[in-house]
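Report on one structure; see the data block that follows.
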Amino acid sequence: MNRSLGFCVAVGLAAATLLLSVSISLHQGHSQAQELKRFQYKVVEVPADTFAMQQTLNEYGAAGWELVAVGMGEMTNPRLVFKK
């Protein structure tokens with residue numbers, strides 16, 4: 001085998017190895033990113049007065065919960081839906 005052909009083969013193998021390692025790293029990063037997208041949800045029914053709602057919102061917000069929806073259960077007490 002001549003020197004230039006041997007060099008080309010070596011460069012090709014090095015490039016293939018690099019591409020394979022980058023591909024594996026990207027796949028592992030993608031898998032880890034998918035795992036991070038798991039959420040917990042919590043539904044909390046609160047009295048229909050503003051003070052009680054604010055108190056509950058502040059309490060759950062301080063604990064890392066994010067308000068994602070508000071519904072009216074029996075049309076008397078709001079239901080706050082949080083995710084974390």
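Labels for the structure tokens follow display order: chains A, B, ..., residues from 1 in each chain, ligands from 1.
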Practice prompt. Fewer than 5 positions away in the same chain doesn't count, so skip those; otherwise give me all residues within 12 Å of segment 66-78 of chain A, counting only C-alpha atoms, as an MDAnalysis selection string.
Written response: chainID A and resid 39:50 52:54 56:61 83:84
Fill in: DSSP-assigned strand (DSSP E) members of segment 36-70 of chain A, reported as a PyMOL selection string
chain A and resi 41-45+66-70
